[in-house]
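For reference, upload-v4.pdb is printed below; it contains PDB, C-alpha atoms.
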```pdb
ATOM      1  CA  MET A   1     101.615 122.749 111.403
ATOM      2  CA  LYS A   2     105.365 123.110 110.948
ATOM      3  CA  PRO A   3     106.421 124.729 107.630
ATOM      4  CA  LEU A   4     108.302 122.618 105.110
ATOM      5  CA  ASN A   5     112.016 123.293 104.847
ATOM      6  CA  VAL A   6     112.684 123.802 101.157
ATOM      7  CA  LYS A   7     116.241 124.031  99.927
ATOM      8  CA  ARG A   8     117.070 126.219  96.996
ATOM      9  CA  ARG A   9     120.292 126.230  95.076
ATOM     10  CA  LYS A  10     121.604 128.508  92.447
ATOM     11  CA  ARG A  11     121.929 126.932  89.014
ATOM     12  CA  LYS A  12     124.918 127.934  86.930
ATOM     13  CA  GLN A  13     123.887 126.294  83.653
ATOM     14  CA  SER A  14     121.124 128.628  82.584
ATOM     15  CA  PRO A  15     120.804 132.302  83.469
ATOM     16  CA  SER A  16     117.053 132.142  82.732
ATOM     17  CA  HIS A  17     116.635 129.629  85.568
ATOM     18  CA  SER A  18     118.502 131.329  88.393
ATOM     19  CA  TRP A  19     116.781 129.336  91.155
ATOM     20  CA  CYS A  20     115.871 125.671  91.252
ATOM     21  CA  LEU A  21     113.403 124.168  93.713
ATOM     22  CA  LEU A  22     114.596 120.724  94.794
ATOM     23  CA  SER A  23     111.845 118.149  95.019
ATOM     24  CA  CYS A  24     111.597 115.514  97.743
ATOM     25  CA  ILE A  25     108.961 113.332  96.093
ATOM     26  CA  HIS A  26     109.609 109.666  96.820
ATOM     27  CA  MET A  27     108.349 106.997  94.439
ATOM     28  CA  ALA A  28     107.676 103.429  95.532
ATOM     29  CA  ARG A  29     106.622 100.317  93.658
ATOM     30  CA  VAL A  30     103.398  98.571  94.629
ATOM     31  CA  PHE A  31     102.169  95.183  93.374
ATOM     32  CA  VAL A  32      98.377  94.971  93.081
ATOM     33  CA  TYR A  33      96.625  91.627  92.596
ATOM     34  CA  GLY A  34      92.946  92.289  93.370
ATOM     35  CA  THR A  35      90.330  94.991  92.930
ATOM     36  CA  LEU A  36      92.929  97.680  92.081
ATOM     37  CA  LYS A  37      94.077  95.929  88.872
ATOM     38  CA  LYS A  38      93.030  97.095  85.396
ATOM     39  CA  GLY A  39      89.424  96.174  84.677
ATOM     40  CA  GLN A  40      88.560  95.653  88.348
ATOM     41  CA  PRO A  41      86.102  97.615  90.543
ATOM     42  CA  ASN A  42      88.639  99.820  92.359
ATOM     43  CA  TYR A  43      91.064 100.426  89.485
ATOM     44  CA  TYR A  44      89.825 104.009  89.083
ATOM     45  CA  ARG A  45      91.188 104.834  92.544
ATOM     46  CA  MET A  46      94.733 104.420  91.225
ATOM     47  CA  PHE A  47      94.214 107.408  88.947
ATOM     48  CA  GLU A  48      92.145 109.830  91.034
ATOM     49  CA  SER A  49      94.491 112.810  91.333
ATOM     50  CA  ALA A  50      93.251 113.536  94.870
ATOM     51  CA  ASN A  51      94.802 110.182  95.913
ATOM     52  CA  GLY A  52      98.221 110.927  94.439
ATOM     53  CA  THR A  53     100.077 109.671  91.383
ATOM     54  CA  ALA A  54     100.378 106.133  90.014
ATOM     55  CA  GLU A  55     102.089 104.889  86.865
ATOM     56  CA  PHE A  56     101.651 101.377  85.485
ATOM     57  CA  LEU A  57     105.055  99.704  85.054
ATOM     58  CA  ALA A  58     104.610  95.990  84.423
ATOM     59  CA  SER A  59     102.640  92.809  84.658
ATOM     60  CA  ALA A  60     104.292  90.356  87.036
ATOM     61  CA  CYS A  61     103.774  87.403  89.354
ATOM     62  CA  THR A  62     105.111  86.541  92.777
ATOM     63  CA  THR A  63     108.247  84.386  92.801
ATOM     64  CA  GLN A  64     106.844  82.415  95.745
ATOM     65  CA  LYS A  65     103.448  80.792  96.055
ATOM     66  CA  TYR A  66     100.838  82.499  98.260
ATOM     67  CA  PRO A  67      97.182  81.705  98.948
ATOM     68  CA  LEU A  68      95.004  84.292  97.177
ATOM     69  CA  VAL A  69      91.503  83.712  98.547
ATOM     70  CA  ILE A  70      88.131  85.435  98.263
ATOM     71  CA  ALA A  71      86.604  85.779 101.708
ATOM     72  CA  GLY A  72      84.375  87.681 104.096
ATOM     73  CA  ASN A  73      80.882  89.083 103.727
ATOM     74  CA  TYR A  74      81.969  91.310 100.821
ATOM     75  CA  ASN A  75      83.973  88.722  98.840
ATOM     76  CA  ILE A  76      87.241  90.602  99.207
ATOM     77  CA  PRO A  77      90.435  89.155  97.686
ATOM     78  CA  PHE A  78      93.032  88.493 100.380
ATOM     79  CA  LEU A  79      96.628  87.494  99.857
ATOM     80  CA  LEU A  80      97.435  85.436 102.943
ATOM     81  CA  ASN A  81     100.991  85.837 104.170
ATOM     82  CA  ILE A  82     101.697  82.107 104.028
ATOM     83  CA  PRO A  83     104.653  81.784 101.617
ATOM     84  CA  GLY A  84     104.993  78.437  99.871
ATOM     85  CA  HIS A  85     101.240  77.695  99.752
ATOM     86  CA  GLY A  86      98.737  78.449  96.996
ATOM     87  CA  HIS A  87      99.905  79.788  93.628
ATOM     88  CA  ARG A  88     102.336  82.262  92.152
ATOM     89  CA  VAL A  89      99.970  85.235  92.099
ATOM     90  CA  GLN A  90      99.510  87.348  88.953
ATOM     91  CA  GLY A  91      99.212  91.124  89.201
ATOM     92  CA  GLU A  92     100.500  94.538  88.184
ATOM     93  CA  ILE A  93     103.356  96.750  89.370
ATOM     94  CA  TYR A  94     102.765 100.489  89.755
ATOM     95  CA  LYS A  95     105.126 103.289  90.660
ATOM     96  CA  VAL A  96     103.354 105.536  93.187
ATOM     97  CA  ASP A  97     104.210 108.740  95.006
ATOM     98  CA  ASP A  98     104.073 109.180  98.790
ATOM     99  CA  LYS A  99     100.533 110.580  98.654
ATOM    100  CA  MET A 100      99.240 107.524  96.737
ATOM    101  CA  LEU A 101     101.144 105.183  99.060
ATOM    102  CA  LYS A 102      99.456 106.800 102.061
ATOM    103  CA  PHE A 103      96.075 106.566 100.305
ATOM    104  CA  LEU A 104      96.662 102.860  99.561
ATOM    105  CA  ASP A 105      97.707 102.209 103.175
ATOM    106  CA  ASP A 106      94.447 103.809 104.341
ATOM    107  CA  PHE A 107      92.366 102.089 101.638
ATOM    108  CA  GLU A 108      93.830  98.686 102.531
ATOM    109  CA  GLY A 109      93.354  99.208 106.269
ATOM    110  CA  VAL A 110      97.026  99.066 107.264
ATOM    111  CA  PRO A 111      97.864  97.750 109.841
ATOM    112  CA  THR A 112      94.580  96.142 111.004
ATOM    113  CA  MET A 113      93.257  94.501 107.822
ATOM    114  CA  TYR A 114      96.420  94.309 105.712
ATOM    115  CA  GLN A 115     100.107  94.889 106.176
ATOM    116  CA  ARG A 116     102.442  96.330 103.555
ATOM    117  CA  THR A 117     105.509  94.155 102.978
ATOM    118  CA  GLN A 118     108.163  93.668 100.294
ATOM    119  CA  VAL A 119     107.746  90.787  97.860
ATOM    120  CA  ASP A 120     109.935  89.443  95.045
ATOM    121  CA  LEU A 121     108.261  89.458  91.637
ATOM    122  CA  GLU A 122     109.007  87.960  88.254
ATOM    123  CA  VAL A 123     108.453  90.488  85.470
ATOM    124  CA  LYS A 124     106.139  89.214  82.733
ATOM    125  CA  GLU A 125     106.121  92.364  80.589
ATOM    126  CA  TRP A 126     107.633  95.748  81.461
ATOM    127  CA  VAL A 127     105.828  98.590  79.682
ATOM    128  CA  GLY A 128     106.797 101.491  81.940
ATOM    129  CA  LYS A 129     109.722 103.806  81.423
ATOM    130  CA  ALA A 130     113.179 102.357  81.772
ATOM    131  CA  GLU A 131     114.574 102.751  85.284
ATOM    132  CA  ALA A 132     118.233 103.676  85.759
ATOM    133  CA  GLU A 133     118.684 103.523  81.973
ATOM    134  CA  GLU A 134     117.522  99.897  81.921
ATOM    135  CA  ARG A 135     114.214  98.248  81.104
ATOM    136  CA  PRO A 136     113.777  95.071  83.163
ATOM    137  CA  ALA A 137     113.470  92.069  80.851
ATOM    138  CA  ALA A 138     110.734  89.449  80.992
ATOM    139  CA  GLY A 139     111.782  86.819  83.523
ATOM    140  CA  SER A 140     113.881  89.218  85.591
ATOM    141  CA  ILE A 141     113.252  89.578  89.315
ATOM    142  CA  THR A 142     112.303  92.850  90.975
ATOM    143  CA  GLU A 143     110.616  93.781  94.233
ATOM    144  CA  ALA A 144     107.662  95.888  95.275
ATOM    145  CA  PHE A 145     105.362  96.444  98.202
ATOM    146  CA  VAL A 146     102.336  94.161  98.457
ATOM    147  CA  TYR A 147      99.310  94.280 100.744
ATOM    148  CA  ASN A 148      98.851  90.923 102.443
ATOM    149  CA  THR A 149      97.364  89.748 105.706
ATOM    150  CA  THR A 150      98.298  87.632 108.688
ATOM    151  CA  ALA A 151      94.948  88.383 110.392
ATOM    152  CA  TYR A 152      92.305  86.070 108.970
ATOM    153  CA  GLN A 153      89.696  83.523 109.945
ATOM    154  CA  PRO A 154      91.005  80.006 110.734
ATOM    155  CA  ASP A 155      89.209  78.470 107.720
ATOM    156  CA  TRP A 156      90.603  80.917 105.135
ATOM    157  CA  PRO A 157      93.744  78.875 104.313
ATOM    158  CA  SER A 158      91.441  75.995 103.291
ATOM    159  CA  LEU A 159      89.407  78.166 100.868
ATOM    160  CA  PRO A 160      90.003  77.799  97.116
ATOM    161  CA  CYS A 161      93.170  79.643  96.051
ATOM    162  CA  TYR A 162      93.458  81.659  92.853
ATOM    163  CA  GLU A 163      96.410  82.474  90.649
ATOM    164  CA  SER A 164      94.722  85.587  89.310
ATOM    165  CA  TYR A 165      91.815  87.538  90.795
ATOM    166  CA  ASP A 166      88.873  88.719  88.708
ATOM    167  CA  ALA A 167      85.900  90.264  90.498
ATOM    168  CA  TYR A 168      83.742  89.130  87.577
ATOM    169  CA  GLY A 169      85.210  85.621  87.348
ATOM    170  CA  ASP A 170      83.388  82.304  87.188
ATOM    171  CA  HIS A 171      83.964  81.723  90.918
ATOM    172  CA  GLY A 172      80.494  83.215  91.547
ATOM    173  CA  LEU A 173      81.719  85.359  94.470
ATOM    174  CA  GLU A 174      80.616  88.852  93.515
ATOM    175  CA  TYR A 175      82.747  91.595  95.064
ATOM    176  CA  VAL A 176      80.671  94.119  97.044
ATOM    177  CA  THR A 177      81.977  97.653  96.499
ATOM    178  CA  ARG A 178      82.453  99.937  99.506
ATOM    179  CA  GLU A 179      79.635 102.129  98.308
ATOM    180  CA  ALA A 180      77.237  99.151  98.298
ATOM    181  CA  ARG A 181      78.117  97.892 101.787
ATOM    182  CA  ASP A 182      75.826  98.434 104.764
TER     183      ASP A 182
END
```
Render the structure in this file as structure tokens.
Amino acid sequence: MKPLNVKRRKRKQSPSHSWCLLSCIHMARVFVYGTLKKGQPNYYRMFESANGTAEFLASACTTQKYPLVIAGNYNIPFLLNIPGHGHRVQGEIYKVDDKMLKFLDDFEGVPTMYQRTQVDLEVKEWVGKAEAEERPAAGSITEAFVYNTTAYQPDWPSLPCYESYDAYGDHGLEYVTREARD
């Protein structure tokens, strides 16, 4: 394994801090709409420190319509990458570090099950810290990564579409956790 190149620079402001380690941590925004949302079966994974760091920023919905369907043997929520069909999907925006982003890519099966793409979102309520000295207002547009799929069964676009996913909803399609699968 190749060692990390870490740059150090001398700080002039404070003699008690003669060296400063520069960090290269990258933060990305991710929009979650299914089992990773608050109150859903996989929400805890967003806050397991071994997976990385995640911070809840806002509730939001997609600016375009997409089919959000529940499909497969395990009743998994899928956001089909068919813009203009379905509903404006409700979800949550998180700021995540590179480690969490890699975990989410693995968890979502990128690139075979899902793909990670950018999506435009309408902010419903921003509760996270202000970014660049500004707190995005309700109704403003922002973007984030979303996990959607172009690989699905031919009948999936004709399944019922949902605006908001709830594993415990009245749809009667109980989500099967990974631990409970064969």
**Report entry** Non-local contacts of A:Val96 (7 Å; all atoms listed in the file; under 5 positions in same chain excluded) as a PyMOL selection string
**Finding:** chain A and resi 27-29+53-55+101
Report task. Determine the residue membership of the PyMOL selection byres ((chain A and resi 60-63) around 12) for the file above and supply it as a ChimeraX atom specification. Result -> /A:30-33,37,56-59,64-68,79,83-94,118-127,136-146,163-164
Can you sort out the box for stretch 32-40 of chain A, edges along x, y and z, all listed atoms in, 3 Å on every side, with centre and edge lengths in Å to one decimal, as AutoDock Vina command-line options?
```
--center_x 93.5 --center_y 94.7 --center_z 89.0 --size_x 15.8 --size_y 12.1 --size_z 14.7
```
**Report entry** atom CA of A:Gly72 to atom CA of A:Lys95, distance in Å rounded to a single decimal
**Finding:** 29.2 Å
Query - Residues in the PyMOL selection byres ((chain A and resi 35) around 10), expressed as an MDAnalysis selection string - result: chainID A and resid 32:34 36:45 76:77 165:167 175 177
Query raised in the report: Between A:Met100, A:Ala71, A:Leu159, A:Ile82, which is the closest to A:Phe47 once you count all atoms listed in the file?
Result: A:Met100
Requested in this report: Figure out the distance between atom CA of A:Thr150 and atom CA of A:Gln115, please, to one decimal in Å.
Outcome: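 Atom-to-atom, atom CA of A:Gln115 to atom CA of A:Thr150, that is 7.9 Å.
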**Report entry** Atomic distance atom CA of A:Arg116 - atom CA of A:Ala151, expressed in Å with one decimal
**Finding:**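 If I compute the distance from atom CA of A:Arg116 to atom CA of A:Ala151, I get 12.9 Å.
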